[in-house]
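As stored in input_39.txt (compact mmCIF, C-alpha atoms):
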# COMPACT_ATOMS: atom_id res chain seq x y z
CA MET A 1363 15.70 31.19 16.99
CA SER A 1364 12.22 32.62 17.19
CA LEU A 1365 13.52 35.91 15.90
CA PHE A 1366 15.18 34.10 13.05
CA ASN A 1367 11.92 32.38 12.22
CA THR A 1368 10.01 35.62 12.16
CA LEU A 1369 12.54 37.12 9.80
CA ILE A 1370 12.29 34.29 7.31
CA PRO A 1371 8.61 33.51 6.97
CA SER A 1372 9.08 30.46 4.80
CA LEU A 1373 10.30 28.59 7.89
CA ASN A 1374 6.92 29.11 9.48
CA ARG A 1375 4.96 28.38 6.41
CA ALA A 1376 3.05 25.17 6.07
CA GLU A 1377 4.53 22.62 3.73
CA ALA A 1378 3.51 23.68 0.27
CA ARG A 1379 3.79 20.22 -1.27
CA PRO A 1380 1.14 17.58 -0.65
CA SER A 1381 2.13 15.14 2.02
CA ALA A 1382 4.47 12.31 1.10
CA ASP A 1383 1.94 9.54 1.74
CA ALA A 1384 0.09 10.53 -1.42
CA GLY A 1385 2.99 9.26 -3.50
CA PRO A 1386 4.49 10.93 -6.52
CA THR A 1387 2.26 13.03 -8.75
CA VAL A 1388 2.69 15.06 -11.90
CA LYS A 1389 1.43 18.53 -12.59
CA PRO A 1390 -0.84 18.53 -15.63
CA ALA A 1391 -0.70 21.18 -18.33
CA TYR A 1392 -3.36 23.80 -17.76
CA GLU A 1393 -4.64 27.15 -18.98
CA ILE A 1394 -6.54 29.88 -17.22
CA LYS A 1395 -8.49 32.55 -19.04
CA GLU A 1396 -10.20 35.42 -17.33
CA THR A 1397 -13.41 37.10 -18.32
CA GLY A 1398 -15.40 39.70 -16.46
CA GLU A 1399 -17.64 37.09 -14.89
CA ALA A 1400 -15.44 34.10 -14.33
CA PHE A 1401 -12.14 32.32 -14.75
CA ALA A 1402 -12.14 29.59 -17.35
CA LEU A 1403 -9.82 26.77 -16.38
CA THR A 1404 -8.72 24.09 -18.83
CA VAL A 1405 -6.68 21.18 -17.51
CA TYR A 1406 -5.30 18.49 -19.81
CA LEU A 1407 -5.65 15.13 -18.08
CA PRO A 1408 -5.12 12.43 -20.71
CA GLY A 1409 -6.08 9.00 -19.43
CA VAL A 1410 -8.35 10.19 -16.63
CA ALA A 1411 -11.95 9.00 -16.57
CA LYS A 1412 -14.76 10.76 -14.77
CA ASP A 1413 -14.70 8.49 -11.72
CA GLY A 1414 -10.98 8.97 -11.25
CA LEU A 1415 -11.21 12.73 -11.03
CA GLU A 1416 -11.55 14.76 -7.86
CA LEU A 1417 -12.09 18.47 -7.75
CA THR A 1418 -11.95 20.04 -4.32
CA ALA A 1419 -12.47 23.69 -3.49
CA GLU A 1420 -11.44 24.55 0.02
CA GLY A 1421 -10.68 27.99 1.38
CA ASN A 1422 -8.50 29.72 -1.14
CA GLU A 1423 -7.36 26.52 -2.77
CA LEU A 1424 -8.66 24.51 -5.66
CA ARG A 1425 -7.28 20.99 -5.85
CA ILE A 1426 -7.50 18.74 -8.85
CA ASN A 1427 -6.52 15.10 -8.48
CA GLY A 1428 -6.82 12.64 -11.31
CA ARG A 1429 -6.08 8.92 -11.40
CA ARG A 1430 -5.37 7.30 -14.72
CA ALA A 1431 -8.09 4.85 -15.71
CA TRP A 1432 -5.82 2.66 -17.80
CA ARG A 1433 -3.50 0.05 -16.32
CA GLN A 1434 -0.87 -1.74 -18.30
CA PRO A 1435 -2.05 -5.32 -18.91
CA SER A 1436 0.25 -7.86 -17.39
CA ASP A 1437 1.32 -9.41 -20.72
CA TRP A 1438 2.33 -6.08 -22.24
CA THR A 1439 5.93 -5.05 -22.00
CA ALA A 1440 6.88 -1.43 -22.23
CA VAL A 1441 9.40 -0.90 -25.01
CA TYR A 1442 9.62 2.85 -24.81
CA ARG A 1443 7.92 5.25 -22.42
CA GLU A 1444 7.39 8.97 -22.43
CA SER A 1445 4.37 9.33 -20.18
CA ASP A 1446 4.02 8.60 -16.49
CA ASP A 1447 1.67 6.27 -14.67
CA VAL A 1448 1.48 8.47 -11.58
CA PRO A 1449 -1.68 10.44 -10.81
CA TYR A 1450 -2.10 14.08 -11.70
CA ALA A 1451 -2.25 16.72 -8.99
CA LEU A 1452 -2.73 20.43 -9.37
CA VAL A 1453 -3.25 22.98 -6.63
CA LEU A 1454 -4.34 26.46 -7.59
CA THR A 1455 -4.48 29.25 -5.07
CA HIS A 1456 -6.77 32.20 -5.40
CA ASP A 1457 -7.57 35.15 -3.17
CA ASN A 1458 -11.08 33.98 -2.27
CA THR A 1459 -12.26 35.61 -5.45
CA VAL A 1460 -13.99 32.45 -6.63
CA ASP A 1461 -17.53 31.49 -5.72
CA ALA A 1462 -16.93 27.86 -4.74
CA ASP A 1463 -20.64 26.95 -4.75
CA LYS A 1464 -21.05 27.82 -8.40
CA ILE A 1465 -18.06 26.02 -9.89
CA ALA A 1466 -19.10 24.00 -12.91
CA ALA A 1467 -16.83 21.42 -14.47
CA GLU A 1468 -16.97 18.87 -17.23
CA LEU A 1469 -14.52 16.24 -18.40
CA THR A 1470 -14.48 15.21 -22.04
CA ASP A 1471 -11.77 13.20 -23.77
CA GLY A 1472 -9.25 13.85 -21.04
CA VAL A 1473 -9.80 17.60 -20.87
CA LEU A 1474 -11.31 19.17 -17.79
CA ARG A 1475 -13.05 22.46 -18.44
CA ALA A 1476 -14.13 24.29 -15.33
CA THR A 1477 -15.81 27.63 -14.93
CA LEU A 1478 -14.90 29.38 -11.73
CA PRO A 1479 -17.37 32.24 -11.29
CA LYS A 1480 -16.06 35.28 -9.50
CA ALA A 1481 -17.59 36.12 -6.17
CA GLU A 1482 -20.38 38.69 -6.42
CA ALA A 1483 -18.47 41.30 -4.44
CA LEU A 1484 -15.63 41.31 -6.93
CA LYS A 1485 -17.54 41.63 -10.14
CA PRO A 1486 -17.23 44.97 -11.85
CA ARG A 1487 -20.27 47.06 -11.17
CA LYS A 1488 -21.62 49.85 -13.19
CA ILE A 1489 -22.72 52.77 -11.13
CA ALA A 1490 -25.36 54.94 -12.66
CA VAL A 1491 -24.64 58.61 -12.37
CA SER A 1492 -27.73 60.54 -11.54
CA MET B 1374 -0.12 28.73 -10.03
CA ARG B 1375 -2.06 31.77 -9.03
CA LEU B 1376 -5.24 33.15 -10.38
CA VAL B 1377 -4.13 36.61 -9.39
CA ARG B 1378 -2.78 38.85 -12.06
CA TYR B 1379 0.89 39.63 -11.64
CA VAL B 1380 1.54 43.05 -10.18
CA TYR B 1381 4.91 44.59 -10.77
CA PRO B 1382 6.59 44.95 -7.38
CA ASP B 1383 6.97 48.47 -6.12
CA ASN B 1384 8.27 50.01 -2.93
CA ARG B 1385 5.01 49.28 -1.21
CA SER B 1386 5.10 45.54 -1.78
CA PHE B 1387 8.58 45.22 -0.33
CA ALA B 1388 8.15 47.62 2.56
CA PRO B 1389 6.56 46.50 5.84
CA VAL B 1390 3.02 47.65 6.35
CA SER B 1391 2.83 49.68 9.53
CA GLY B 1392 0.24 48.38 11.94
CA GLY B 1393 -0.07 44.96 10.30
CA LEU B 1394 1.98 42.92 12.74
CA ASN B 1395 1.13 39.64 11.06
CA ARG B 1396 2.63 40.71 7.83
CA SER B 1397 6.30 39.98 7.68
CA PRO B 1398 8.66 42.57 6.28
CA TRP B 1399 9.72 39.99 3.72
CA SER B 1400 6.34 38.90 2.47
CA GLY B 1401 6.58 40.95 -0.71
CA LEU B 1402 9.97 39.51 -1.50
CA GLU B 1403 8.76 36.07 -0.59
CA THR B 1404 5.90 36.05 -3.06
CA GLU B 1405 8.22 37.49 -5.65
CA ILE B 1406 10.69 34.63 -5.16
CA ASP B 1407 7.86 32.07 -5.25
CA ARG B 1408 6.68 33.52 -8.50
CA LEU B 1409 10.14 33.43 -10.02
CA PHE B 1410 10.56 29.78 -9.09
CA GLU B 1411 7.15 28.88 -10.45
CA SER B 1412 7.76 30.59 -13.74
CA ALA B 1413 11.22 29.05 -14.08
CA LEU B 1414 10.04 25.54 -13.25
CA GLY B 1415 6.95 25.92 -15.40
CA SER B 1416 9.08 26.20 -18.51
CA LEU B 1417 10.43 22.70 -17.88
CA ASP B 1418 7.03 21.35 -18.77
CA THR B 1419 7.70 19.31 -21.90
CA THR B 1420 4.15 18.15 -22.54
CA ARG B 1421 3.32 21.37 -24.39
CA GLY B 1422 3.94 22.07 -28.00
CA SER B 1423 3.20 19.87 -30.93
CA ARG B 1424 5.17 16.89 -29.61
CA PHE B 1425 2.81 14.80 -27.56
CA PRO B 1426 4.04 11.94 -25.36
CA VAL B 1427 4.04 8.50 -26.94
CA ASP B 1428 4.49 5.09 -25.32
CA LEU B 1429 5.41 1.89 -27.07
CA TYR B 1430 4.31 -1.51 -25.74
CA GLU B 1431 4.64 -5.01 -27.01
CA ASP B 1432 3.04 -8.35 -26.34
CA LYS B 1433 3.26 -11.71 -28.07
CA ASP B 1434 1.19 -10.85 -31.12
CA HIS B 1435 0.99 -7.06 -31.22
CA THR B 1436 2.86 -3.83 -30.91
CA TYR B 1437 0.90 -1.04 -29.25
CA VAL B 1438 1.43 2.70 -29.50
CA ARG B 1439 -0.29 4.86 -26.92
CA ALA B 1440 -0.36 8.60 -27.52
CA GLU B 1441 -1.70 11.22 -25.13
CA LEU B 1442 -3.91 13.50 -27.17
CA PRO B 1443 -6.43 15.11 -24.84
CA GLY B 1444 -9.39 17.02 -26.19
CA VAL B 1445 -9.30 15.92 -29.80
CA ASN B 1446 -12.36 14.92 -31.75
CA ARG B 1447 -12.20 11.35 -33.08
CA ASN B 1448 -12.76 12.59 -36.64
CA ASP B 1449 -9.74 14.86 -36.40
CA ILE B 1450 -7.29 12.06 -35.66
CA ASN B 1451 -5.47 10.57 -38.60
CA VAL B 1452 -3.29 7.50 -38.28
CA GLU B 1453 -1.27 6.18 -41.20
CA VAL B 1454 1.48 3.66 -41.69
CA VAL B 1455 3.87 4.34 -44.56
CA ASP B 1456 7.20 2.58 -45.09
CA GLY B 1457 7.57 1.44 -41.51
CA PHE B 1458 6.66 4.83 -40.08
CA LEU B 1459 3.50 5.38 -38.12
CA THR B 1460 2.32 8.96 -38.44
CA ILE B 1461 -0.28 10.38 -36.08
CA THR B 1462 -1.84 13.70 -37.03
CA ALA B 1463 -4.46 15.32 -34.83
CA THR B 1464 -6.17 18.68 -34.70
CA ARG B 1465 -7.62 20.07 -31.54
CA LYS B 1466 -10.44 22.49 -32.20
CA GLN B 1467 -11.66 24.79 -29.51
CA LYS B 1468 -14.70 27.00 -29.71
CA GLU B 1469 -14.07 30.32 -28.08
CA GLY B 1470 -17.25 32.33 -28.29
CA ASP B 1471 -17.80 32.71 -32.01
CA GLN B 1472 -14.16 32.12 -32.91
CA GLU B 1473 -12.64 28.72 -33.39
CA GLN B 1474 -9.07 27.96 -32.45
CA SER B 1475 -7.29 24.96 -33.81
CA PHE B 1476 -4.00 23.39 -32.96
CA SER B 1477 -2.33 20.63 -34.90
CA PHE B 1478 -0.19 17.79 -33.59
CA ARG B 1479 1.93 15.55 -35.73
CA ARG B 1480 4.36 12.84 -34.89
CA SER B 1481 6.04 10.00 -36.73
CA ILE B 1482 7.25 6.87 -35.01
CA ASN B 1483 9.48 4.25 -36.51
CA VAL B 1484 7.65 0.96 -36.01
CA PRO B 1485 9.30 -2.45 -36.28
CA ASP B 1486 9.32 -4.00 -39.78
CA GLN B 1487 7.45 -7.09 -38.74
CA VAL B 1488 4.13 -5.24 -38.55
CA GLN B 1489 1.17 -6.06 -40.78
CA SER B 1490 0.44 -2.53 -41.89
CA ASP B 1491 -2.91 -3.44 -43.42
CA LYS B 1492 -4.39 -4.63 -40.13
CA VAL B 1493 -3.75 -1.62 -37.95
CA GLY B 1494 -6.45 -0.65 -35.49
CA ALA B 1495 -6.88 2.45 -33.36
CA ALA B 1496 -9.05 3.36 -30.39
CA TYR B 1497 -9.47 6.66 -28.59
CA GLU B 1498 -10.53 6.75 -24.95
CA ASN B 1499 -10.22 9.42 -22.25
CA GLY B 1500 -7.88 11.45 -24.39
CA VAL B 1501 -5.47 8.61 -25.10
CA LEU B 1502 -5.11 7.06 -28.54
CA THR B 1503 -4.13 3.40 -28.67
CA VAL B 1504 -2.89 2.07 -32.00
CA THR B 1505 -2.69 -1.70 -32.30
CA LEU B 1506 -0.21 -3.05 -34.83
CA PRO B 1507 -0.40 -6.84 -35.32
CA LYS B 1508 2.89 -8.62 -35.90
CA ARG B 1509 3.46 -10.74 -38.96
CA GLU B 1510 3.08 -14.45 -38.58
CA GLU B 1511 6.77 -15.08 -39.21
CA ALA B 1512 7.77 -12.53 -36.59
CA LYS B 1513 5.78 -14.20 -33.82
CA PRO B 1514 7.78 -16.35 -31.47
CA LYS B 1515 7.38 -19.94 -32.56
CA LYS B 1516 7.43 -22.95 -30.41
CA ILE B 1517 8.96 -25.96 -32.06
CA THR B 1518 8.82 -29.21 -30.29
CA VAL B 1519 11.55 -31.56 -31.24
CA ALA B 1520 10.94 -35.11 -30.48
CA VAL B 1521 13.92 -36.73 -28.91
CA LYS B 1522 14.37 -40.32 -29.84
Before anything else, please render the file you have as structure tokens.
Amino acid sequence: MSLFNTLIPSLNRAEARPSADAGPTVKPAYEIKETGEAFALTVYLPGVAKDGLELTAEGNELRINGRRAWRQPSDWTAVYRESDDVPYALVLTHDNTVDADKIAAELTDGVLRATLPKAEALKPRKIAVS
Amino acid sequence: MRLVRYVYPDNRSFAPVSGGLNRSPWSGLETEIDRLFESALGSLDTTRGSRFPVDLYEDKDHTYVRAELPGVNRNDINVEVVDGFLTITATRKQKEGDQEQSFSFRRSINVPDQVQSDKVGAAYENGVLTVTLPKREEAKPKKITVAVK
């Protein structure tokens, strides 16, 4: 069995999905643009207010969790639904190329814009030829 | 789901690296399969494109339409009611350096006839637009008490 497990690494891999106790989540729409200095991340989180948003950078992972600020009032009945009420969750993996201390993010009108600066060691460097 | 640029697999990425015992002989194939699944499942995302999700709610006196329109300036949202159709038009403008990108959304929803189209209100908060459509007096549920002799 151990040989079998070494042959198929996914059996040894940690569970990729967040644990079940967190409940169901949806993956928000997002965009990543790369410049020489940084990655520009745009995540569309309609319905999320600033206090419902969590941005965690740990190791080579960047986690974005957003709770929706709006709750359906008790006297409203849903006639037709297309959106979900469940929180947003997005996990992005990177190869430690992001300087976690310098991440800047702002949330306006349900759009999270984050700048993920590249680590110094990875930035392109111009070498002067003498 | 990765910030790493996609590298076309070659012999090296599939072949085991000699000396690296931790690296499995399948790791190249494994990331390749992960990537294929992610790109295939990513296309199921229906929230993109010009059709934004819309919810319809109702209470005693009003009909509410909630539309998810993240990142749109309030001035660029246009709500109109014509012939029982509620049309929401929005333009998202993004500044990219000195260029400006814009993207337009448009959607029409058939609203119930019993709406007072001259008293429609709209509010925009956290990227969600809520349109309040009051019902006509005659459409509201009426309570008639009949005295029994």
Please find the residues of chain A near chain B - the criterion being any atom within 6 Å, counting all atoms listed in the file - and write them as a tab-separated table (two decimals) with C-alpha atoms, in the coordinates of the input.
chain	number	residue	atom	x	y	z
A	1408	PRO	CA	-5.12	12.43	-20.71
A	1409	GLY	CA	-6.08	9.00	-19.43
A	1410	VAL	CA	-8.35	10.19	-16.63
A	1411	ALA	CA	-11.95	9.00	-16.57
A	1437	ASP	CA	1.32	-9.41	-20.72
A	1438	TRP	CA	2.33	-6.08	-22.24
A	1439	THR	CA	5.93	-5.05	-22.00
A	1440	ALA	CA	6.88	-1.43	-22.23
A	1441	VAL	CA	9.40	-0.90	-25.01
A	1442	TYR	CA	9.62	2.85	-24.81
A	1443	ARG	CA	7.92	5.25	-22.42
A	1444	GLU	CA	7.39	8.97	-22.43
A	1445	SER	CA	4.37	9.33	-20.18
A	1454	LEU	CA	-4.34	26.46	-7.59
A	1455	THR	CA	-4.48	29.25	-5.07
A	1456	HIS	CA	-6.77	32.20	-5.40
A	1471	ASP	CA	-11.77	13.20	-23.77
A	1472	GLY	CA	-9.25	13.85	-21.04
A	1473	VAL	CA	-9.80	17.60	-20.87
Shell of 12 Å around Ile1426 of chain A, all atoms listed in the file, local chain residues under 3 positions omitted, as a ChimeraX atom specification = /A:1380,1387-1392,1403-1407,1410,1414-1420,1423,1429,1449-1455,1467,1474-1476
Closest of B:Lys1492, B:Arg1465, B:Arg1408, B:Arg1480 to Arg1509 of chain B - atom-to-atom distances counting all atoms listed in the file | B:Lys1492
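Atom CA of Asp1413 of chain A is found 19.5 Å from atom CA of Gly1385 of chain A.
Pairwise distance (atom CA of Phe1476 of chain B, atom CA of Ala1463 of chain B) equals 8.3 Å.
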